[in-house]
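Everything below belongs to structure-v8.csv, which stores CSV, C-alpha atoms.
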```
chain,number,residue,atom,x,y,z
A,1,GLN,CA,-4.3,5.4,-24.3
A,2,TYR,CA,-7.4,3.2,-24.0
A,3,LEU,CA,-8.8,5.6,-21.3
A,4,ASP,CA,-8.3,8.5,-23.6
A,5,ILE,CA,-10.3,6.7,-26.3
A,6,ALA,CA,-13.0,5.9,-23.7
A,7,PHE,CA,-13.2,9.5,-22.7
A,8,THR,CA,-13.4,10.7,-26.3
A,9,ILE,CA,-16.2,8.2,-27.1
A,10,ALA,CA,-18.1,9.3,-24.0
A,11,LYS,CA,-17.7,13.0,-24.8
A,12,GLU,CA,-18.8,12.5,-28.4
A,13,ASN,CA,-21.9,10.8,-27.2
A,14,LYS,CA,-22.5,13.3,-24.4
A,15,LEU,CA,-22.2,10.5,-21.7
A,16,GLU,CA,-21.1,12.7,-18.8
A,17,LYS,CA,-21.0,9.9,-16.2
A,18,GLU,CA,-18.7,7.8,-18.4
A,19,GLN,CA,-16.5,10.9,-19.0
A,20,ALA,CA,-16.1,11.4,-15.3
A,21,GLU,CA,-15.3,7.7,-14.8
A,22,ALA,CA,-12.7,7.7,-17.5
A,23,LEU,CA,-11.0,10.8,-15.9
A,24,LEU,CA,-11.0,9.2,-12.5
A,25,TRP,CA,-9.3,6.1,-13.9
A,26,GLN,CA,-6.7,8.4,-15.6
A,27,ALA,CA,-6.1,10.0,-12.2
A,28,HIS,CA,-5.6,6.5,-10.7
A,29,VAL,CA,-3.1,5.5,-13.4
A,30,HIS,CA,-1.1,8.7,-13.0
A,31,ARG,CA,-0.9,8.1,-9.2
A,32,LEU,CA,0.5,4.7,-9.8
A,33,ILE,CA,3.4,6.3,-11.7
A,34,SER,CA,3.9,9.1,-9.2
A,35,GLU,CA,2.6,11.9,-11.5
A,36,ILE,CA,0.5,13.4,-8.8
A,37,ASP,CA,-0.1,16.8,-10.4
A,38,LYS,CA,-1.5,15.1,-13.5
A,39,SER,CA,-3.6,12.9,-11.2
A,40,LEU,CA,-5.0,16.0,-9.5
A,41,SER,CA,-5.7,17.6,-12.8
A,42,TYR,CA,-7.8,14.6,-14.0
A,43,THR,CA,-9.6,14.4,-10.7
A,44,THR,CA,-10.5,18.1,-10.9
A,45,GLN,CA,-11.9,17.6,-14.4
A,46,ALA,CA,-13.9,14.6,-13.2
A,47,PHE,CA,-15.2,16.6,-10.2
A,48,ALA,CA,-16.3,19.5,-12.4
A,49,ILE,CA,-18.4,17.1,-14.5
A,50,THR,CA,-19.7,15.2,-11.5
A,51,GLN,CA,-21.0,18.3,-9.8
A,52,SER,CA,-23.5,18.8,-12.6
A,53,LEU,CA,-24.9,15.3,-12.2
A,54,ASN,CA,-27.2,13.9,-9.5
A,55,ASN,CA,-24.8,11.1,-8.7
A,56,ASP,CA,-23.6,11.0,-5.1
A,57,SER,CA,-21.6,7.8,-5.5
A,58,LEU,CA,-19.6,9.3,-8.3
A,59,LEU,CA,-19.1,12.5,-6.3
A,60,SER,CA,-17.9,10.4,-3.4
A,61,ALA,CA,-15.4,8.6,-5.7
A,62,SER,CA,-14.1,12.0,-6.9
A,63,TYR,CA,-13.4,13.0,-3.3
A,64,ILE,CA,-11.6,9.7,-2.7
A,65,SER,CA,-9.5,10.4,-5.8
A,66,PHE,CA,-8.6,13.8,-4.4
A,67,ALA,CA,-7.8,12.3,-1.0
A,68,GLN,CA,-5.5,9.7,-2.5
A,69,SER,CA,-3.7,12.3,-4.6
A,70,TYR,CA,-3.2,14.6,-1.6
A,71,LYS,CA,-2.0,11.6,0.4
A,72,GLU,CA,0.8,11.1,-2.2
A,73,LYS,CA,1.7,14.8,-1.8
A,74,GLY,CA,1.9,14.3,1.9
A,75,ASP,CA,-0.9,16.9,2.6
A,76,LYS,CA,-2.6,15.4,5.6
A,77,LEU,CA,-5.2,18.1,6.1
A,78,LEU,CA,-6.6,18.0,2.5
A,79,THR,CA,-6.3,14.2,2.5
A,80,LEU,CA,-8.5,13.9,5.6
A,81,LYS,CA,-10.9,16.6,4.5
A,82,ASN,CA,-11.6,14.8,1.2
A,83,ILE,CA,-12.0,11.4,2.9
A,84,PHE,CA,-14.6,12.9,5.3
A,85,GLU,CA,-16.5,14.4,2.3
A,86,ALA,CA,-16.5,11.1,0.5
A,87,THR,CA,-17.6,9.2,3.7
A,88,THR,CA,-20.4,11.6,4.4
A,89,LEU,CA,-21.9,10.9,0.9
A,90,ALA,CA,-21.3,7.2,1.0
A,91,GLU,CA,-23.1,6.9,4.4
A,92,LYS,CA,-25.9,9.2,3.2
A,93,ILE,CA,-26.7,6.9,0.3
A,94,ASP,CA,-25.7,3.8,2.3
A,95,ASN,CA,-23.5,2.5,-0.5
A,96,LEU,CA,-21.7,-0.4,1.0
A,97,PRO,CA,-18.8,-0.7,-1.5
A,98,LEU,CA,-18.1,3.1,-1.2
A,99,LYS,CA,-18.4,2.9,2.6
A,100,ARG,CA,-15.8,0.1,2.5
A,101,VAL,CA,-13.4,2.2,0.4
A,102,CYS,CA,-13.9,5.2,2.7
A,103,TYR,CA,-13.3,3.3,5.9
A,104,LEU,CA,-10.2,1.7,4.4
A,105,GLN,CA,-8.9,5.1,3.5
A,106,LEU,CA,-9.6,6.3,7.1
A,107,ALA,CA,-7.9,3.3,8.6
A,108,ASP,CA,-4.9,4.0,6.3
A,109,PHE,CA,-4.9,7.7,7.2
A,110,TYR,CA,-4.9,7.1,11.0
A,111,PHE,CA,-2.3,4.3,10.6
A,112,GLY,CA,0.0,6.9,8.8
A,113,THR,CA,-0.5,9.4,11.7
A,114,LYS,CA,0.2,6.7,14.3
A,115,ASN,CA,-3.3,6.8,15.7
A,116,TYR,CA,-3.5,3.1,15.8
A,117,ASP,CA,-6.6,2.8,17.9
A,118,LYS,CA,-8.7,4.9,15.4
A,119,SER,CA,-7.1,2.9,12.6
A,120,LEU,CA,-8.2,-0.3,14.2
A,121,ASP,CA,-11.8,1.1,14.6
A,122,TYR,CA,-12.2,1.7,10.9
A,123,ALA,CA,-10.5,-1.5,9.9
A,124,PHE,CA,-13.0,-3.4,12.0
A,125,LYS,CA,-15.8,-1.4,10.4
A,126,VAL,CA,-14.6,-2.7,7.0
A,127,LEU,CA,-14.5,-6.2,8.4
A,128,HIS,CA,-18.1,-5.8,9.6
A,129,LEU,CA,-19.2,-4.7,6.2
A,130,ASP,CA,-17.5,-7.6,4.6
A,131,PHE,CA,-19.4,-10.1,6.8
A,132,GLN,CA,-22.6,-8.3,5.8
A,133,SER,CA,-21.9,-8.3,2.0
A,134,LYS,CA,-22.1,-11.1,-0.5
A,135,SER,CA,-20.1,-9.2,-3.1
A,136,GLU,CA,-16.9,-10.6,-4.7
A,137,GLU,CA,-15.0,-7.5,-3.5
A,138,SER,CA,-15.8,-8.3,0.1
A,139,LYS,CA,-15.4,-12.0,-0.3
A,140,TYR,CA,-11.8,-11.7,-1.5
A,141,GLY,CA,-11.0,-8.3,0.1
A,142,ARG,CA,-11.6,-9.7,3.5
A,143,VAL,CA,-8.1,-11.3,3.3
A,144,THR,CA,-6.5,-7.9,2.9
A,145,VAL,CA,-8.6,-6.5,5.8
A,146,TYR,CA,-7.3,-9.3,8.1
A,147,ASN,CA,-3.8,-8.4,7.1
A,148,THR,CA,-4.4,-4.7,7.6
A,149,ILE,CA,-5.5,-5.4,11.1
A,150,GLY,CA,-2.5,-7.6,11.6
A,151,ASN,CA,-0.2,-4.7,10.4
A,152,ILE,CA,-1.8,-2.3,12.9
A,153,TYR,CA,-1.3,-4.7,15.8
A,154,VAL,CA,2.4,-5.0,14.7
A,155,ARG,CA,2.7,-1.2,15.1
A,156,LYS,CA,1.1,-1.5,18.5
A,157,LYS,CA,3.7,-4.2,19.3
A,158,ASN,CA,0.9,-6.6,20.1
A,159,TYR,CA,2.5,-9.5,18.2
A,160,ASN,CA,0.2,-12.2,19.5
A,161,MET,CA,-2.8,-10.4,18.1
A,162,ALA,CA,-1.0,-9.6,14.8
A,163,GLN,CA,0.0,-13.3,14.4
A,164,SER,CA,-3.6,-14.3,15.0
A,165,PHE,CA,-4.9,-12.1,12.2
A,166,TYR,CA,-2.2,-13.1,9.8
A,167,GLU,CA,-3.0,-16.7,10.4
A,168,THR,CA,-6.7,-16.0,10.1
A,169,SER,CA,-6.1,-14.4,6.7
A,170,ILE,CA,-4.1,-17.5,5.5
A,171,LYS,CA,-6.9,-19.9,6.7
A,172,TYR,CA,-9.6,-17.8,5.1
A,173,ALA,CA,-7.7,-17.7,1.8
A,174,ASP,CA,-7.7,-21.5,2.0
A,175,THR,CA,-11.5,-21.5,2.8
A,176,ILE,CA,-12.3,-19.5,-0.4
A,177,ALA,CA,-9.8,-21.7,-2.3
A,178,PHE,CA,-7.6,-18.8,-3.5
A,179,ALA,CA,-4.1,-19.8,-2.6
A,180,PRO,CA,-2.3,-16.7,-4.0
A,181,LEU,CA,-4.0,-14.6,-1.3
A,182,LYS,CA,-2.2,-16.6,1.4
A,183,MET,CA,0.9,-14.7,0.4
A,184,GLN,CA,-0.3,-11.5,2.1
A,185,GLY,CA,-0.4,-13.4,5.4
A,186,TYR,CA,2.9,-15.0,4.8
A,187,MET,CA,4.5,-11.6,4.1
A,188,GLY,CA,2.8,-10.2,7.2
A,189,LEU,CA,4.3,-12.9,9.4
A,190,LEU,CA,7.8,-12.4,7.8
A,191,ASN,CA,7.7,-8.7,8.4
A,192,MET,CA,6.3,-9.1,11.9
A,193,TYR,CA,9.3,-11.3,12.9
A,194,LEU,CA,11.7,-8.6,11.5
A,195,SER,CA,9.7,-5.8,13.3
A,196,ALA,CA,9.9,-7.9,16.5
A,197,ASP,CA,13.7,-8.2,16.0
A,198,GLU,CA,13.5,-12.0,15.6
A,199,PRO,CA,15.5,-12.5,12.4
A,200,GLN,CA,16.2,-16.1,13.1
A,201,LYS,CA,12.4,-16.8,13.1
A,202,ALA,CA,12.1,-14.8,9.9
A,203,LEU,CA,14.8,-16.8,8.3
A,204,ASN,CA,13.3,-20.1,9.4
A,205,PHE,CA,9.9,-19.0,8.2
A,206,PHE,CA,11.1,-17.8,4.8
A,207,ASN,CA,13.1,-21.0,4.2
A,208,ASN,CA,10.1,-23.2,5.1
A,209,LYS,CA,7.7,-21.4,2.7
A,210,PRO,CA,8.7,-22.5,-0.8
A,211,ASP,CA,5.3,-21.5,-2.1
A,212,LEU,CA,5.9,-17.9,-1.0
A,213,LYS,CA,9.2,-17.7,-2.9
A,214,GLN,CA,7.7,-19.5,-5.9
A,215,TYR,CA,4.8,-16.9,-5.9
A,216,ILE,CA,7.2,-14.0,-5.8
A,217,SER,CA,9.4,-15.6,-8.5
A,218,GLY,CA,6.4,-16.1,-10.6
A,219,PHE,CA,6.1,-12.4,-11.1
A,220,GLY,CA,9.7,-12.2,-12.3
A,221,MET,CA,10.8,-10.6,-9.0
A,222,ASN,CA,13.5,-12.9,-7.8
A,223,SER,CA,15.3,-9.8,-6.6
A,224,VAL,CA,12.6,-9.3,-3.9
A,225,ILE,CA,13.6,-12.7,-2.5
A,226,ASP,CA,17.3,-11.6,-2.5
A,227,GLN,CA,16.2,-8.4,-0.8
A,228,ALA,CA,14.4,-10.3,2.0
A,229,TYR,CA,17.5,-12.4,2.6
A,230,ALA,CA,19.6,-9.3,2.7
A,231,VAL,CA,17.4,-7.6,5.3
A,232,ILE,CA,17.2,-10.7,7.4
A,233,TYR,CA,21.0,-11.3,7.4
A,234,THR,CA,21.7,-7.6,8.1
A,235,GLN,CA,19.5,-8.0,11.2
A,236,MET,CA,21.3,-11.2,12.2
A,237,ASN,CA,24.6,-9.3,11.8
A,238,LYS,CA,25.7,-11.7,9.2
A,239,LEU,CA,27.0,-9.0,7.0
A,240,ASP,CA,29.0,-11.1,4.5
A,241,SER,CA,25.8,-12.9,3.6
A,242,ALA,CA,23.9,-9.6,3.4
A,243,THR,CA,26.6,-8.2,1.1
A,244,TYR,CA,26.1,-11.2,-1.3
A,245,PHE,CA,22.3,-10.7,-1.5
A,246,TYR,CA,22.4,-6.9,-1.8
A,247,ALA,CA,24.9,-7.2,-4.7
A,248,ARG,CA,22.4,-9.5,-6.4
A,249,CYS,CA,19.3,-7.3,-6.0
A,250,LEU,CA,20.8,-3.8,-6.1
A,251,PRO,CA,20.6,-3.4,-10.0
A,252,PHE,CA,16.9,-4.4,-10.0
A,253,PHE,CA,15.9,-1.8,-7.3
A,254,GLU,CA,18.0,0.9,-9.0
A,255,THR,CA,16.3,0.5,-12.4
A,256,SER,CA,13.1,-1.5,-12.3
A,257,VAL,CA,10.8,-0.4,-9.5
A,258,ASN,CA,8.6,2.6,-8.7
A,259,THR,CA,9.7,5.5,-6.5
A,260,ALA,CA,8.1,4.2,-3.2
A,261,SER,CA,9.8,0.8,-3.6
A,262,LYS,CA,13.1,2.4,-4.5
A,263,LEU,CA,13.0,4.7,-1.4
A,264,SER,CA,12.1,1.8,0.9
A,265,PHE,CA,15.0,-0.3,-0.5
A,266,PHE,CA,17.5,2.6,-0.2
A,267,ALA,CA,16.6,3.0,3.4
A,268,GLN,CA,17.4,-0.6,4.1
A,269,TYR,CA,20.5,-0.5,2.0
A,270,GLY,CA,21.8,2.6,3.7
A,271,ASP,CA,21.2,1.1,7.1
A,272,TYR,CA,23.1,-2.0,6.0
A,273,LEU,CA,26.1,0.1,4.8
A,274,LEU,CA,26.1,2.0,8.1
A,275,LYS,CA,26.1,-1.2,10.1
A,276,LYS,CA,28.9,-2.4,7.9
A,277,GLY,CA,30.9,0.7,8.8
A,278,ASP,CA,30.9,2.1,5.3
A,279,LYS,CA,29.8,5.6,6.2
A,280,ILE,CA,30.8,7.2,2.9
A,281,ASN,CA,28.6,5.0,0.8
A,282,SER,CA,25.8,5.1,3.3
A,283,ILE,CA,25.7,8.9,3.2
A,284,ALA,CA,25.7,8.7,-0.6
A,285,VAL,CA,22.7,6.4,-0.6
A,286,PHE,CA,20.8,8.5,1.9
A,287,GLU,CA,21.6,11.6,-0.2
A,288,GLN,CA,20.3,9.9,-3.3
A,289,SER,CA,17.1,9.0,-1.3
A,290,LYS,CA,16.8,12.6,-0.2
A,291,GLN,CA,17.0,13.9,-3.8
A,292,LEU,CA,14.5,11.3,-5.0
A,293,ALA,CA,12.0,12.2,-2.2
A,294,GLU,CA,12.4,15.9,-3.0
A,295,ALA,CA,11.6,15.2,-6.7
A,296,THR,CA,8.3,13.7,-5.7
A,297,GLN,CA,7.3,16.6,-3.5
A,298,ASN,CA,5.8,14.2,-1.0
A,299,LEU,CA,6.2,15.9,2.3
A,300,GLU,CA,6.3,12.7,4.4
A,301,TRP,CA,9.0,11.2,2.2
A,302,MET,CA,11.0,14.5,2.2
A,303,ARG,CA,10.8,14.6,6.0
A,304,TYR,CA,11.9,11.0,6.5
A,305,TYR,CA,14.7,11.0,4.0
```
As structure tokens, how would this structure be written, given the file I've shared?
Amino acid sequence: QYLDIAFTIAKENKLEKEQAEALLWQAHVHRLISEIDKSLSYTTQAFAITQSLNNDSLLSASYISFAQSYKEKGDKLLTLKNIFEATTLAEKIDNLPLKRVCYLQLADFYFGTKNYDKSLDYAFKVLHLDFQSKSEESKYGRVTVYNTIGNIYVRKKNYNMAQSFYETSIKYADTIAFAPLKMQGYMGLLNMYLSADEPQKALNFFNNKPDLKQYISGFGMNSVIDQAYAVIYTQMNKLDSATYFYARCLPFFETSVNTASKLSFFAQYGDYLLKKGDKINSIAVFEQSKQLAEATQNLEWMRYY
């Protein structure tokens, strides 16, 4: 509603740049709630306005908005095409914040296509920009970049390198005196232990990080803690314990999370039911996931589920 008001004020005062910015923010908000067609509509309107302006940075931002929307639809070709358009403009005007966004998008794209070496190349480009920059975005965003690199090394099954970058992110968060950012590294390590099929290490780590659980709880998301225990105990084959924690967190994930989180949870829950030998309910969960994925029209989700 506030963005609608901002757009109206900008239009009444013939402020075209501000009109485009309001529309791009609308596109962003609609992506967050999985209304991708609306997001594309707002981006298209912003793009039409931006083309009449001599503003390459705003034009680059419009291409990024297109890319992010097409990514949500699972259209890899249009996603990559628009990221390249955005990157070309960002590099042409040597706009560091925009180049940072573009390289992050490219790292994420290649991560999604399992081209982990290219993904690493672009993630390290972002890290290089962050060392050059004195902006607040780079100062605090560097924590996320360290974790992004850690995530890529996990997919490459290079767990020593992954652990090194997760631990670097935690130390750096301490250096800039921003403790909440340590949680990214903690979550990275926890997920790494699970990916490496070391659930006992994951359990010990989670039990010995009360600040991580307190941080999650502080957002009113105790069910995420229950989910973590459920996944860990499933991997440990302690299915009675997993049953207890799934029973606690199931209502939350059925009613209170976005589509992506719900699909991720259902994949874990369906696998747990299958491991438990409950094939009928496992199939029902996977069928529910399939219908949910089809409703989003995201090709990647539809293929997976």
Please list as number ranges by chain every residue within 12 Å of Lys171 (chain A), counting only C-alpha atoms and excluding residues in the same chain fewer than 3 positions away. A: 142-143, 146-147, 164-168, 174-179, 181-186
Between A:Tyr70, A:Tyr103, A:Phe253, A:Tyr122, which residue has the minimum interatomic distance to Phe266 (chain A), considering all atoms listed in the file? A:Phe253
Do you have the CA of Leu274 (chain A)-CA of Val257 (chain A) distance handy? 23.4 Å
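Among the candidates A:Leu299, A:Leu239, A:Met221, A:Ala293, the one nearest to Ala260 (chain A) when counting only C-alpha atoms is A:Ala293.
Of the listed residues A:Ala90, A:Leu292, A:Ala242, A:Leu58, the one whose atoms come nearest to Tyr269 (chain A) is A:Ala242, with distances taken using only C-alpha atoms.
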At a cut-off of 9 Å, using all atoms listed in the file, what residues contact Phe206 (chain A)? Leave out same-chain residues fewer than 6 positions from it and give the result as a count of residues only. 6
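Across the model, the gap from CA of Leu59 (chain A) to CA of Phe47 (chain A) is 6.9 Å.
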Identify the residues within 12 Å of coordinate (-0.4, 7.0, -12.6) (same frame as the file), considering all atoms listed in the file, and give the answer as a PDB file with C-alpha atoms, keeping the file's coordinate frame.
```pdb
ATOM      1  CA  LEU A  23     -11.000  10.800 -15.900  1.00  0.00           C
ATOM      2  CA  LEU A  24     -11.000   9.200 -12.500  1.00  0.00           C
ATOM      3  CA  TRP A  25      -9.300   6.100 -13.900  1.00  0.00           C
ATOM      4  CA  GLN A  26      -6.700   8.400 -15.600  1.00  0.00           C
ATOM      5  CA  ALA A  27      -6.100  10.000 -12.200  1.00  0.00           C
ATOM      6  CA  HIS A  28      -5.600   6.500 -10.700  1.00  0.00           C
ATOM      7  CA  VAL A  29      -3.100   5.500 -13.400  1.00  0.00           C
ATOM      8  CA  HIS A  30      -1.100   8.700 -13.000  1.00  0.00           C
ATOM      9  CA  ARG A  31      -0.900   8.100  -9.200  1.00  0.00           C
ATOM     10  CA  LEU A  32       0.500   4.700  -9.800  1.00  0.00           C
ATOM     11  CA  ILE A  33       3.400   6.300 -11.700  1.00  0.00           C
ATOM     12  CA  SER A  34       3.900   9.100  -9.200  1.00  0.00           C
ATOM     13  CA  GLU A  35       2.600  11.900 -11.500  1.00  0.00           C
ATOM     14  CA  ILE A  36       0.500  13.400  -8.800  1.00  0.00           C
ATOM     15  CA  ASP A  37      -0.100  16.800 -10.400  1.00  0.00           C
ATOM     16  CA  LYS A  38      -1.500  15.100 -13.500  1.00  0.00           C
ATOM     17  CA  SER A  39      -3.600  12.900 -11.200  1.00  0.00           C
ATOM     18  CA  LEU A  40      -5.000  16.000  -9.500  1.00  0.00           C
ATOM     19  CA  SER A  41      -5.700  17.600 -12.800  1.00  0.00           C
ATOM     20  CA  TYR A  42      -7.800  14.600 -14.000  1.00  0.00           C
ATOM     21  CA  THR A  43      -9.600  14.400 -10.700  1.00  0.00           C
ATOM     22  CA  SER A  65      -9.500  10.400  -5.800  1.00  0.00           C
ATOM     23  CA  GLN A  68      -5.500   9.700  -2.500  1.00  0.00           C
ATOM     24  CA  SER A  69      -3.700  12.300  -4.600  1.00  0.00           C
ATOM     25  CA  GLU A  72       0.800  11.100  -2.200  1.00  0.00           C
ATOM     26  CA  ASN A 258       8.600   2.600  -8.700  1.00  0.00           C
ATOM     27  CA  THR A 259       9.700   5.500  -6.500  1.00  0.00           C
TER      28      THR A 259
END
```
As an MDAnalysis selection string, please: the residues near Lys139 (chain A) (cut-off 7 Å, all atoms listed in the file, same-chain neighbours under 4 positions excluded). chainID A and resid 130 134:135
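Taking CA of Glu16 (chain A) and CA of Ala86 (chain A) as endpoints, the distance between them is 19.9 Å.
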Which is closest to Asp117 (chain A) among A:Phe84, A:Tyr140, A:Phe66, A:Tyr153, if we use all atoms listed in the file? A:Tyr153
